>>> print(open('upload15.csv').read())   # CSV, C-alpha atoms
chain,number,residue,atom,x,y,z
V,1,MET,CA,106.8,75.9,40.0
V,2,ARG,CA,109.8,73.7,39.5
V,3,ASP,CA,113.2,75.4,39.7
V,4,LEU,CA,116.3,73.9,38.2
V,5,ASP,CA,118.5,75.7,40.7
V,6,LYS,CA,116.6,73.9,43.6
V,7,PHE,CA,117.2,70.5,41.9
V,8,ARG,CA,120.9,71.2,41.5
V,9,GLY,CA,121.0,72.5,45.1
V,10,CYS,CA,119.5,69.3,46.3
V,11,MET,CA,121.9,67.0,44.5
V,12,ILE,CA,125.1,69.1,44.8
V,13,GLY,CA,124.3,70.0,48.4
V,14,GLY,CA,123.8,66.4,49.3
V,15,ALA,CA,127.2,65.5,47.7
V,16,ALA,CA,128.8,68.4,49.5
V,17,GLY,CA,127.5,67.3,52.9
V,18,ASP,CA,128.6,63.8,52.2
V,19,ALA,CA,132.1,64.8,51.2
V,20,LEU,CA,132.5,67.1,54.2
V,21,GLY,CA,131.4,64.4,56.6
V,22,TYR,CA,133.1,61.5,54.9
V,23,ALA,CA,136.5,62.5,56.3
V,24,ILE,CA,135.3,62.1,59.9
V,25,GLU,CA,132.6,59.4,59.6
V,26,PHE,CA,134.3,57.1,62.0
V,27,ILE,CA,136.0,59.6,64.3
V,28,HIS,CA,134.7,60.4,67.8
V,29,GLU,CA,133.8,64.1,68.3
V,30,LYS,CA,136.6,64.6,70.8
V,31,GLN,CA,139.1,63.6,68.2
V,32,ILE,CA,137.3,65.8,65.6
V,33,PHE,CA,137.6,68.9,67.7
V,34,SER,CA,141.1,68.1,68.7
V,35,ARG,CA,142.2,67.6,65.1
V,36,TYR,CA,140.3,70.4,63.4
V,37,GLY,CA,139.8,73.0,66.2
V,38,ARG,CA,136.8,74.1,68.3
V,39,ASP,CA,134.6,74.5,65.2
V,40,GLY,CA,135.4,71.0,64.0
V,41,ILE,CA,135.8,70.3,60.3
V,42,THR,CA,134.8,73.4,58.3
V,43,GLN,CA,136.2,72.6,54.8
V,44,TYR,CA,136.9,69.6,52.7
V,45,ALA,CA,139.7,67.3,53.6
V,46,LEU,CA,140.9,66.7,50.0
V,47,ARG,CA,142.1,63.3,48.7
V,48,GLY,CA,144.0,63.3,45.5
V,49,GLY,CA,143.1,66.9,45.1
V,50,VAL,CA,139.3,66.4,45.2
V,51,ALA,CA,136.6,66.2,47.8
V,52,GLN,CA,135.6,62.6,47.6
V,53,PHE,CA,132.0,61.6,48.5
V,54,SER,CA,131.0,58.3,49.9
V,55,ASP,CA,128.6,55.5,49.0
V,56,ASP,CA,125.7,57.8,50.0
V,57,THR,CA,126.2,60.0,46.8
V,58,GLN,CA,127.0,56.9,44.7
V,59,MET,CA,123.7,55.3,45.6
V,60,THR,CA,121.9,58.6,45.2
V,61,LEU,CA,123.1,58.9,41.6
V,62,PHE,CA,122.0,55.3,40.9
V,63,THR,CA,118.6,56.0,42.4
V,64,ALA,CA,118.2,58.9,40.0
V,65,VAL,CA,119.3,56.9,37.0
V,66,GLY,CA,117.1,54.0,38.0
V,67,LEU,CA,114.1,56.4,37.9
V,68,LEU,CA,115.1,57.8,34.5
V,69,ASN,CA,115.9,54.4,33.0
V,70,GLU,CA,112.5,53.1,33.9
V,71,LYS,CA,110.7,56.3,32.7
V,72,ALA,CA,112.4,56.0,29.3
V,73,ARG,CA,111.8,52.3,28.9
V,74,ALA,CA,108.1,52.6,29.9
V,75,GLN,CA,107.6,55.4,27.4
V,76,ALA,CA,109.3,53.5,24.6
V,77,GLU,CA,107.4,50.3,25.4
V,78,GLY,CA,104.0,52.1,25.9
V,79,ARG,CA,103.5,50.7,29.4
V,80,GLU,CA,103.1,52.0,32.9
V,81,ALA,CA,106.4,52.5,34.7
V,82,ASP,CA,107.5,50.3,37.6
V,83,TYR,CA,109.8,52.7,39.3
V,84,ALA,CA,110.6,50.4,42.2
V,85,GLN,CA,111.9,47.8,39.8
V,86,GLY,CA,113.9,50.5,38.0
V,87,ILE,CA,115.5,51.5,41.2
V,88,ARG,CA,116.2,47.9,42.2
V,89,GLN,CA,118.0,47.3,38.9
V,90,ALA,CA,120.0,50.4,39.4
V,91,TYR,CA,121.1,49.2,42.8
V,92,GLN,CA,122.3,46.0,41.3
V,93,ASP,CA,124.4,48.0,39.0
V,94,TRP,CA,125.8,50.0,41.9
V,95,TYR,CA,126.8,46.7,43.5
V,96,ILE,CA,128.8,45.9,40.4
V,97,THR,CA,130.9,49.0,41.1
V,98,GLN,CA,131.6,47.7,44.6
V,99,ALA,CA,132.3,44.1,43.8
V,100,GLY,CA,133.6,44.3,40.2
V,101,THR,CA,136.2,46.2,38.2
V,102,TYR,CA,136.0,48.7,35.4
V,103,PRO,CA,135.3,48.2,32.6
V,104,VAL,CA,132.2,46.0,32.7
V,105,SER,CA,131.6,43.7,29.8
V,106,SER,CA,128.4,42.0,31.0
V,107,LYS,CA,124.9,43.2,30.6
V,108,LYS,CA,124.1,46.4,32.4
V,109,ASN,CA,121.1,48.6,33.1
V,110,SER,CA,122.9,52.0,33.8
V,111,TRP,CA,125.2,54.2,31.8
V,112,LEU,CA,126.8,55.1,35.2
V,113,LEU,CA,128.8,51.8,34.8
V,114,ASP,CA,130.7,53.7,32.1
V,115,VAL,CA,132.1,56.1,34.7
V,116,PRO,CA,135.3,54.6,36.0
V,117,GLU,CA,135.5,56.9,39.1
V,118,LEU,CA,132.3,55.2,40.5
V,119,PHE,CA,134.2,51.9,40.7
V,120,SER,CA,135.5,52.7,44.2
V,121,ARG,CA,134.4,51.4,47.6
V,122,ARG,CA,133.6,54.3,49.8
V,123,ALA,CA,132.7,52.5,53.1
V,124,PRO,CA,129.5,51.0,51.7
V,125,GLY,CA,127.0,49.9,54.2
V,126,LEU,CA,127.2,46.2,54.8
V,127,THR,CA,123.4,45.9,54.9
V,128,CYS,CA,123.1,47.4,51.4
V,129,ILE,CA,125.9,45.2,50.1
V,130,SER,CA,124.4,42.0,51.6
V,131,ALA,CA,120.8,42.8,50.6
V,132,ILE,CA,121.7,43.6,47.0
V,133,GLU,CA,124.2,40.7,46.7
V,134,HIS,CA,121.3,38.3,47.6
V,135,GLY,CA,118.9,39.7,45.0
V,136,ALA,CA,117.8,43.2,46.1
V,137,ASP,CA,114.3,41.8,46.6
V,138,GLY,CA,113.4,43.3,49.9
V,139,SER,CA,109.9,45.0,50.1
V,140,ILE,CA,107.6,46.5,52.7
V,141,GLU,CA,105.4,43.4,52.5
V,142,SER,CA,108.3,40.9,52.6
V,143,PRO,CA,111.2,42.4,54.5
V,144,ILE,CA,114.6,41.1,53.7
V,145,ASN,CA,115.9,41.8,57.1
V,146,SER,CA,115.2,43.8,60.3
V,147,SER,CA,117.7,46.6,59.7
V,148,LYS,CA,116.8,50.3,60.3
V,149,GLY,CA,120.2,51.6,59.3
V,150,CYS,CA,120.4,54.9,57.5
V,151,GLY,CA,121.4,53.3,54.2
V,152,GLY,CA,117.8,53.5,53.0
V,153,VAL,CA,117.1,57.1,53.7
V,154,MET,CA,120.4,58.6,52.6
V,155,ARG,CA,119.8,57.8,48.9
V,156,VAL,CA,116.2,58.7,48.1
V,157,ALA,CA,116.2,62.4,47.6
V,158,PRO,CA,116.0,62.1,43.8
V,159,ILE,CA,112.6,60.6,44.1
V,160,GLY,CA,111.3,63.8,45.6
V,161,LEU,CA,112.9,65.7,42.7
V,162,PHE,CA,111.6,63.4,40.1
V,163,PHE,CA,108.0,63.7,41.0
V,164,ALA,CA,108.1,67.5,41.9
V,165,GLY,CA,105.4,69.2,39.8
V,166,SER,CA,103.9,66.0,38.5
V,167,ASP,CA,100.4,64.7,38.7
V,168,VAL,CA,101.5,61.8,40.9
V,169,SER,CA,100.1,62.2,44.4
V,170,PHE,CA,102.4,62.8,47.3
V,171,GLU,CA,101.1,59.6,48.8
V,172,GLN,CA,102.4,57.7,45.8
V,173,SER,CA,105.8,59.4,45.7
V,174,ASP,CA,106.2,59.1,49.5
V,175,MET,CA,105.4,55.4,49.3
V,176,LEU,CA,108.0,54.9,46.5
V,177,GLY,CA,110.6,56.4,48.8
V,178,ALA,CA,109.7,53.8,51.4
V,179,LYS,CA,109.7,51.0,48.8
V,180,ALA,CA,113.2,52.1,47.6
V,181,ALA,CA,114.6,52.0,51.1
V,182,ALA,CA,112.8,48.6,51.9
V,183,ILE,CA,114.8,47.0,49.0
V,184,THR,CA,117.7,46.8,51.5
V,185,HIS,CA,116.2,47.8,54.9
V,186,GLY,CA,113.3,45.9,56.2
V,187,HIS,CA,112.5,47.6,59.6
V,188,GLU,CA,109.7,50.1,59.6
V,189,LEU,CA,112.1,52.7,60.9
V,190,GLY,CA,114.4,51.8,58.0
V,191,TYR,CA,111.9,52.9,55.3
V,192,ILE,CA,109.5,55.4,57.0
V,193,PRO,CA,112.1,58.1,57.2
V,194,ALA,CA,112.8,57.7,53.5
V,195,ALA,CA,109.1,58.4,52.8
V,196,ALA,CA,109.4,61.5,54.9
V,197,LEU,CA,112.5,62.8,53.2
V,198,VAL,CA,111.0,62.3,49.8
V,199,HIS,CA,108.0,64.4,50.9
V,200,ILE,CA,110.2,67.2,52.3
V,201,ILE,CA,112.3,67.4,49.1
V,202,ARG,CA,109.3,67.4,46.8
V,203,ALA,CA,107.3,69.9,48.9
V,204,ILE,CA,110.1,72.5,48.9
V,205,CYS,CA,110.8,72.0,45.2
V,206,GLU,CA,107.2,72.5,44.2
V,207,SER,CA,106.9,75.9,45.8
V,208,SER,CA,109.3,78.8,46.3
V,209,GLU,CA,107.0,80.1,49.0
V,210,LYS,CA,107.0,76.9,51.1
V,211,LYS,CA,108.7,77.4,54.5
V,212,LEU,CA,111.1,74.6,55.4
V,213,ALA,CA,109.4,74.1,58.8
V,214,ASP,CA,106.0,73.8,57.1
V,215,ALA,CA,107.4,71.2,54.7
V,216,VAL,CA,108.8,69.2,57.6
V,217,ALA,CA,105.4,69.4,59.5
V,218,GLU,CA,103.6,68.3,56.4
V,219,ALA,CA,105.9,65.3,55.9
V,220,VAL,CA,105.3,64.2,59.5
V,221,ALA,CA,101.5,64.5,59.0
V,222,ALA,CA,101.7,62.7,55.7
V,223,VAL,CA,103.7,59.7,56.9
V,224,SER,CA,101.6,59.5,60.0
V,225,GLU,CA,98.6,58.9,57.8
V,226,LEU,CA,100.4,56.8,55.2
V,227,PHE,CA,101.7,54.4,57.9
V,228,SER,CA,98.9,54.8,60.5
V,229,GLY,CA,98.7,51.8,62.8
V,230,VAL,CA,102.3,50.9,62.1
V,231,LYS,CA,104.0,50.0,65.4
V,232,HIS,CA,106.8,52.6,65.3
V,233,ILE,CA,105.2,55.5,63.6
V,234,GLY,CA,104.6,57.4,66.9
V,235,TYR,CA,108.3,57.1,67.8
V,236,PHE,CA,109.3,58.4,64.4
V,237,THR,CA,107.1,61.4,64.4
V,238,ASP,CA,108.1,62.2,68.0
V,239,MET,CA,111.7,62.1,66.9
V,240,ILE,CA,111.2,64.5,64.0
V,241,ASN,CA,109.0,66.8,66.1
V,242,LEU,CA,111.7,66.9,68.7
V,243,ALA,CA,114.3,67.9,66.1
V,244,ALA,CA,112.0,70.8,65.0
V,245,GLU,CA,111.5,71.9,68.6
V,246,LEU,CA,115.2,71.8,69.4
V,247,ALA,CA,115.9,73.9,66.3
V,248,LYS,CA,113.8,76.7,67.8
V,249,SER,CA,115.4,76.4,71.2
V,250,ASP,CA,118.5,77.9,72.8
V,251,CYS,CA,120.0,74.4,73.3
V,252,LYS,CA,123.7,74.2,72.3
V,253,THR,CA,123.9,72.5,68.9
V,254,ILE,CA,126.1,69.5,70.0
V,255,ASP,CA,123.8,68.9,73.0
V,256,ALA,CA,120.8,69.0,70.7
V,257,ILE,CA,122.3,66.4,68.4
V,258,HIS,CA,123.2,64.2,71.4
V,259,GLN,CA,119.5,64.2,72.2
V,260,LEU,CA,118.7,63.0,68.7
V,261,GLY,CA,121.3,60.3,68.5
V,262,GLU,CA,124.2,59.6,66.2
V,263,GLY,CA,122.6,59.0,62.9
V,264,TRP,CA,123.6,55.4,62.3
V,265,VAL,CA,119.9,54.5,62.1
V,266,ALA,CA,117.5,56.1,59.7
V,267,GLU,CA,115.2,58.0,62.1
V,268,GLU,CA,118.2,59.5,63.9
V,269,ALA,CA,119.9,60.5,60.6
V,270,LEU,CA,116.8,62.3,59.4
V,271,ALA,CA,116.2,63.9,62.8
V,272,ILE,CA,119.8,65.3,63.0
V,273,SER,CA,119.5,66.5,59.4
V,274,VAL,CA,116.1,68.2,60.0
V,275,TYR,CA,117.5,69.9,63.1
V,276,SER,CA,120.6,71.1,61.3
V,277,ALA,CA,118.6,72.4,58.3
V,278,LEU,CA,116.0,74.2,60.4
V,279,LYS,CA,118.5,75.6,62.9
V,280,TYR,CA,120.5,77.3,60.1
V,281,GLU,CA,118.0,77.5,57.2
V,282,ASP,CA,119.6,80.7,56.0
V,283,ASP,CA,123.2,79.6,56.4
V,284,PHE,CA,124.1,76.5,54.3
V,285,ASP,CA,127.7,76.5,55.7
V,286,MET,CA,126.7,76.4,59.3
V,287,ALA,CA,124.0,73.8,58.7
V,288,LEU,CA,126.4,71.4,57.0
V,289,ARG,CA,129.1,72.0,59.6
V,290,THR,CA,126.6,71.3,62.4
V,291,SER,CA,125.3,68.2,60.7
V,292,VAL,CA,128.7,66.5,60.5
V,293,ASN,CA,130.6,67.4,63.6
V,294,HIS,CA,129.4,64.8,66.0
V,295,ASN,CA,130.0,61.2,67.1
V,296,GLY,CA,127.9,59.5,64.5
V,297,ASP,CA,127.4,58.8,60.8
V,298,SER,CA,128.7,62.2,59.7
V,299,ASP,CA,128.6,61.6,55.9
V,300,SER,CA,125.0,60.5,55.9
V,301,THR,CA,123.7,63.3,58.2
V,302,GLY,CA,125.7,65.7,56.1
V,303,SER,CA,124.3,64.3,52.9
V,304,ILE,CA,120.7,64.4,54.0
V,305,THR,CA,121.1,67.9,55.4
V,306,GLY,CA,122.7,69.0,52.1
V,307,ASN,CA,119.8,67.5,50.2
V,308,ILE,CA,117.2,69.3,52.2
V,309,LEU,CA,118.8,72.7,52.6
V,310,GLY,CA,120.3,72.6,49.1
V,311,ALA,CA,116.8,72.2,47.7
V,312,TYR,CA,115.5,74.9,49.9
V,313,VAL,CA,118.1,77.6,49.1
V,314,GLY,CA,119.2,76.5,45.6
V,315,CYS,CA,122.5,75.8,44.2
V,316,GLU,CA,123.5,79.4,43.6
V,317,ALA,CA,123.3,80.0,47.4
V,318,ILE,CA,125.7,77.1,48.2
V,319,PRO,CA,129.1,78.6,49.1
V,320,LEU,CA,131.7,78.1,46.4
V,321,LYS,CA,133.9,76.2,48.8
V,322,TYR,CA,131.4,73.4,48.6
V,323,LYS,CA,131.3,73.3,44.8
V,324,ASP,CA,135.0,73.9,44.1
V,325,GLU,CA,136.9,70.6,44.0
V,326,LEU,CA,133.8,68.5,44.7
V,327,GLU,CA,134.3,65.1,43.0
V,328,LEU,CA,132.3,64.5,39.8
V,329,ILE,CA,130.3,67.7,40.1
V,330,GLY,CA,129.8,67.7,36.4
V,331,LEU,CA,128.3,64.3,36.5
V,332,ILE,CA,126.1,65.2,39.4
V,333,THR,CA,124.9,68.2,37.5
V,334,GLU,CA,124.3,66.2,34.4
V,335,VAL,CA,122.1,63.6,36.2
V,336,THR,CA,120.3,66.4,38.0
V,337,ASP,CA,119.4,68.1,34.8
V,338,ASP,CA,118.1,64.8,33.4
V,339,LEU,CA,115.8,64.6,36.5
V,340,PHE,CA,114.6,68.0,35.7
V,341,GLY,CA,114.1,67.1,32.0
V,342,VAL,CA,116.6,69.4,30.4
V,343,GLY,CA,117.1,68.8,26.7
V,344,ASP,CA,117.1,65.4,25.0
V,345,TRP,CA,117.6,63.5,28.3
V,346,GLU,CA,115.8,60.3,27.0
V,347,SER,CA,118.6,59.5,24.5
V,348,ARG,CA,120.9,58.6,27.4
V,349,TYR,CA,118.4,56.2,28.9
V,350,VAL,CA,116.1,54.7,26.3
V,351,ASP,CA,118.8,52.4,25.0
V,352,ALA,CA,119.7,51.0,28.4
V,353,LYS,CA,119.4,47.2,28.4
>>> encode(input="upload15.csv", output="structure tokens")
Amino acid sequence: MRDLDKFRGCMIGGAAGDALGYAIEFIHEKQIFSRYGRDGITQYALRGGVAQFSDDTQMTLFTAVGLLNEKARAQAEGREADYAQGIRQAYQDWYITQAGTYPVSSKKNSWLLDVPELFSRRAPGLTCISAIEHGADGSIESPINSSKGCGGVMRVAPIGLFFAGSDVSFEQSDMLGAKAAAITHGHELGYIPAAALVHIIRAICESSEKKLADAVAEAVAAVSELFSGVKHIGYFTDMINLAAELAKSDCKTIDAIHQLGEGWVAEEALAISVYSALKYEDDFDMALRTSVNHNGDSDSTGSITGNILGAYVGCEAIPLKYKDELELIGLITEVTDDLFGVGDWESRYVDAK
């Protein structure tokens, strides 16, 4: 059964991990521990009195709104929804927030362009910027590049939420995750991890009894079948299985993360996040801290870990320190409630042009 608290946990948890890691994204771990102490960063580094998130949460919000725009339009027009196209259009709107200025007078697809705070460059991935600037027309069948950066996986959690409890098959929702990532990232390892993350999020949001380790194992099995015969599928599944095994071991956390990589590429980002979430599945604070205090892409590994564990434990279980002062938490909650279907959500989307 779907649970609004899990939905909010996923989206707010992701933004929290993003905001925690954003302050140290480009800092070597020796500098991190020197600056923040032996435990590394453990609380937000506020900017202007708020915990700012990065492009990861920006794009996650646009993914959500792309799904909702397309659902509303398809219902109004009496046609089958093309969710990949809805997401593509939403990413083009996100690009406006990075290349343009507020307010926008031109045609737009998303009401998020009415939010001035989103018009802020937060270290956006160059692959995402370039791919969207040139049409956002990448696909699994016609790759736009050979990138396997983590910019595809870090933004797709809303897809798992959106289809939780629906009649749509896991195969279809997993594949949409891959398609959404392939809009900007053409390498197999750029979009397969996105499919796996969507599966994990959906699985734990559909059942309060689902164990996190089981959801991860099911995701590995599902993408292995969905992408059977694909060149790099074995490498990907080995990476996620290693993350799960390390989480059960006595290996020191920083050493375990070093075995998994730095998170700049998608399979490493998901592996570090799976490790952190499984290692501390009953301790959201420790999971987030573990996921960001390393050499690599701290905001993305924090964001994905927050998505996974936030969905697993629910928003109420997220410590207040991660909700207090979090940038645009009201907006994040609003979009999340729309994904869940609270109230008259359609009125915000059906008029999108």
>>> residues_around(input="upload15.csv", residues="V:Met11", least_positions_apart="6", cutoff="10 Å", atoms="only C-alpha atoms", output="list in words")
Thr57, Thr60, Leu61, Ala64, Ala157, Pro158, Leu161, Ser303, Ile304, Gly306, Asn307, Ile308, Gly310, Ala311, Gly314, Cys315, Ile329, Ile332, Thr333, Val335 and Thr336 of chain V
>>> write_last_selection(input="upload15.csv", atoms="C-alpha atoms", output="compact mmCIF listing (two decimals), in the coordinates of the input")
# COMPACT_ATOMS: atom_id res chain seq x y z
CA THR V 57 126.20 60.00 46.80
CA THR V 60 121.90 58.60 45.20
CA LEU V 61 123.10 58.90 41.60
CA ALA V 64 118.20 58.90 40.00
CA ALA V 157 116.20 62.40 47.60
CA PRO V 158 116.00 62.10 43.80
CA LEU V 161 112.90 65.70 42.70
CA SER V 303 124.30 64.30 52.90
CA ILE V 304 120.70 64.40 54.00
CA GLY V 306 122.70 69.00 52.10
CA ASN V 307 119.80 67.50 50.20
CA ILE V 308 117.20 69.30 52.20
CA GLY V 310 120.30 72.60 49.10
CA ALA V 311 116.80 72.20 47.70
CA GLY V 314 119.20 76.50 45.60
CA CYS V 315 122.50 75.80 44.20
CA ILE V 329 130.30 67.70 40.10
CA ILE V 332 126.10 65.20 39.40
CA THR V 333 124.90 68.20 37.50
CA VAL V 335 122.10 63.60 36.20
CA THR V 336 120.30 66.40 38.00
>>> closest_residue(input="upload15.csv", among="V:Met239, V:Leu118, V:Cys150, V:Ala269", to="V:Leu328", atoms="all atoms listed in the file")
V:Leu118
>>> closest_residue(input="upload15.csv", among="V:Ser105, V:Asn145, V:Ser166, V:Ser228", to="V:His187", atoms="all atoms listed in the file")
V:Asn145
>>> residues_around(input="upload15.csv", residues="V:Pro103", least_positions_apart="5", cutoff="8 Å", atoms="only C-alpha atoms", output="MDAnalysis selection string")
chainID V and resid 113:114 116
>>> write_last_selection(input="upload15.csv", atoms="C-alpha atoms", output="short mmCIF file (atom, residue, chain, number, x, y, z; two decimals), in the frame of the given file")
data_model
loop_
_atom_site.label_atom_id
_atom_site.label_comp_id
_atom_site.auth_asym_id
_atom_site.auth_seq_id
_atom_site.Cartn_x
_atom_site.Cartn_y
_atom_site.Cartn_z
CA LEU V 113 128.80 51.80 34.80
CA ASP V 114 130.70 53.70 32.10
CA PRO V 116 135.30 54.60 36.00
#
>>> closest_residue(input="upload15.csv", among="V:Gly78, V:Gly160, V:Pro124, V:Gly263", to="V:Ser300", atoms="only C-alpha atoms")
V:Gly263
>>> residues_around(input="upload15.csv", residues="stretch 35-45 of chain V", least_positions_apart="4", cutoff="10 Å", atoms="all atoms listed in the file", output="list of chain:residue names")
V:Ala16, V:Gly17, V:Ala19, V:Leu20, V:Gly21, V:Tyr22, V:Ala23, V:Ile24, V:Glu29, V:Lys30, V:Gln31, V:Gly49, V:Val50, V:Ala51, V:Gln52, V:Asp285, V:Met286, V:Leu288, V:Arg289, V:Thr290, V:Val292, V:Asn293, V:His294, V:Lys321, V:Tyr322, V:Asp324, V:Glu325, V:Leu326
>>> atom_distance(input="upload15.csv", atom1="atom CA of V:Ala181", atom2="atom CA of V:Tyr349")
22.9 Å
>>> closest_atom_pairs(input="upload15.csv", of="stretch 214-254 of chain V", to="stretch 270-273 of chain V", cutoff="9 Å", atoms="only C-alpha atoms", output="tab-separated table")
residue	atom	partner	partner_atom	distance
V:Phe236	CA	V:Ala271	CA	9.0
V:Met239	CA	V:Ala271	CA	6.3
V:Ile240	CA	V:Ala271	CA	5.2
V:Asn241	CA	V:Ala271	CA	8.4
V:Leu242	CA	V:Ala271	CA	8.0
V:Ala243	CA	V:Ala271	CA	5.5
V:Ala244	CA	V:Ala271	CA	8.4
>>> closest_residue(input="upload15.csv", among="V:Ala213, V:Tyr312, V:Glu225, V:Glu218", to="V:Glu245", atoms="only C-alpha atoms")
V:Ala213
>>> atom_distance(input="upload15.csv", atom1="atom CA of V:His199", atom2="atom CA of V:Ala219")
5.5 Å
>>> residues_around(input="upload15.csv", residues="V:Val230", least_positions_apart="5", cutoff="12 Å", atoms="only C-alpha atoms", output="PDB file with C-alpha atoms, keeping the file's coordinate frame")
ATOM      1  CA  ILE V 140     107.600  46.500  52.700  1.00  0.00           C
ATOM      2  CA  HIS V 187     112.500  47.600  59.600  1.00  0.00           C
ATOM      3  CA  GLU V 188     109.700  50.100  59.600  1.00  0.00           C
ATOM      4  CA  LEU V 189     112.100  52.700  60.900  1.00  0.00           C
ATOM      5  CA  TYR V 191     111.900  52.900  55.300  1.00  0.00           C
ATOM      6  CA  ILE V 192     109.500  55.400  57.000  1.00  0.00           C
ATOM      7  CA  VAL V 223     103.700  59.700  56.900  1.00  0.00           C
ATOM      8  CA  SER V 224     101.600  59.500  60.000  1.00  0.00           C
ATOM      9  CA  GLU V 225      98.600  58.900  57.800  1.00  0.00           C
ATOM     10  CA  TYR V 235     108.300  57.100  67.800  1.00  0.00           C
ATOM     11  CA  PHE V 236     109.300  58.400  64.400  1.00  0.00           C
ATOM     12  CA  THR V 237     107.100  61.400  64.400  1.00  0.00           C
TER      13      THR V 237
END
>>> atom_distance(input="upload15.csv", atom1="atom CA of V:Gly86", atom2="atom CA of V:Asp338")
15.6 Å
>>> residues_around(input="upload15.csv", residues="V:Phe284", least_positions_apart="3", cutoff="9 Å", atoms="all atoms listed in the file", output="compact mmCIF listing (two decimals) with C-alpha atoms, in the coordinates of the input")
# COMPACT_ATOMS: atom_id res chain seq x y z
CA GLY V 13 124.30 70.00 48.40
CA ALA V 277 118.60 72.40 58.30
CA TYR V 280 120.50 77.30 60.10
CA GLU V 281 118.00 77.50 57.20
CA ALA V 287 124.00 73.80 58.70
CA LEU V 288 126.40 71.40 57.00
CA ARG V 289 129.10 72.00 59.60
CA GLY V 306 122.70 69.00 52.10
CA LEU V 309 118.80 72.70 52.60
CA GLY V 310 120.30 72.60 49.10
CA VAL V 313 118.10 77.60 49.10
CA ALA V 317 123.30 80.00 47.40
CA ILE V 318 125.70 77.10 48.20
CA PRO V 319 129.10 78.60 49.10
>>> closest_residue(input="upload15.csv", among="V:Ile204, V:Ala182, V:Val168, V:Leu212", to="V:Ile132", atoms="all atoms listed in the file")
V:Ala182
>>> closest_residue(input="upload15.csv", among="V:Ala203, V:Leu46, V:Pro143, V:Ala131", to="V:Phe170", atoms="only C-alpha atoms")
V:Ala203
>>> build_atoms(input="upload15.csv", residues="stretch 318-330 of chain V", atoms="N, CA and C atoms", output="PDB file, keeping the file's coordinate frame")
ATOM      1  N   ILE V 318     124.682  77.994  47.574  1.00  0.00           N
ATOM      2  CA  ILE V 318     125.700  77.100  48.200  1.00  0.00           C
ATOM      3  C   ILE V 318     127.049  77.781  48.069  1.00  0.00           C
ATOM      4  N   PRO V 319     127.777  77.966  49.157  1.00  0.00           N
ATOM      5  CA  PRO V 319     129.100  78.600  49.100  1.00  0.00           C
ATOM      6  C   PRO V 319     130.012  77.902  48.085  1.00  0.00           C
ATOM      7  N   LEU V 320     130.829  78.680  47.410  1.00  0.00           N
ATOM      8  CA  LEU V 320     131.700  78.100  46.400  1.00  0.00           C
ATOM      9  C   LEU V 320     132.660  77.069  46.967  1.00  0.00           C
ATOM     10  N   LYS V 321     133.015  77.196  48.238  1.00  0.00           N
ATOM     11  CA  LYS V 321     133.900  76.200  48.800  1.00  0.00           C
ATOM     12  C   LYS V 321     133.381  74.823  48.806  1.00  0.00           C
ATOM     13  N   TYR V 322     132.056  74.706  48.696  1.00  0.00           N
ATOM     14  CA  TYR V 322     131.400  73.400  48.600  1.00  0.00           C
ATOM     15  C   TYR V 322     131.257  72.884  47.204  1.00  0.00           C
ATOM     16  N   LYS V 323     131.459  73.761  46.239  1.00  0.00           N
ATOM     17  CA  LYS V 323     131.300  73.300  44.800  1.00  0.00           C
ATOM     18  C   LYS V 323     132.715  73.191  44.189  1.00  0.00           C
ATOM     19  N   ASP V 324     133.650  74.035  44.571  1.00  0.00           N
ATOM     20  CA  ASP V 324     135.000  73.900  44.100  1.00  0.00           C
ATOM     21  C   ASP V 324     135.618  72.600  44.589  1.00  0.00           C
ATOM     22  N   GLU V 325     136.191  71.836  43.701  1.00  0.00           N
ATOM     23  CA  GLU V 325     136.900  70.600  44.000  1.00  0.00           C
ATOM     24  C   GLU V 325     136.010  69.446  44.460  1.00  0.00           C
ATOM     25  N   LEU V 326     134.688  69.608  44.366  1.00  0.00           N
ATOM     26  CA  LEU V 326     133.800  68.500  44.700  1.00  0.00           C
ATOM     27  C   LEU V 326     133.871  67.447  43.578  1.00  0.00           C
ATOM     28  N   GLU V 327     134.085  66.233  43.978  1.00  0.00           N
ATOM     29  CA  GLU V 327     134.300  65.100  43.000  1.00  0.00           C
ATOM     30  C   GLU V 327     133.053  64.972  42.106  1.00  0.00           C
ATOM     31  N   LEU V 328     133.334  64.819  40.826  1.00  0.00           N
ATOM     32  CA  LEU V 328     132.300  64.500  39.800  1.00  0.00           C
ATOM     33  C   LEU V 328     131.136  65.488  39.817  1.00  0.00           C
ATOM     34  N   ILE V 329     131.401  66.760  40.104  1.00  0.00           N
ATOM     35  CA  ILE V 329     130.300  67.700  40.100  1.00  0.00           C
ATOM     36  C   ILE V 329     129.634  67.861  38.775  1.00  0.00           C
ATOM     37  N   GLY V 330     130.417  67.682  37.712  1.00  0.00           N
ATOM     38  CA  GLY V 330     129.800  67.700  36.400  1.00  0.00           C
ATOM     39  C   GLY V 330     128.859  66.598  36.151  1.00  0.00           C
TER      40      GLY V 330
END
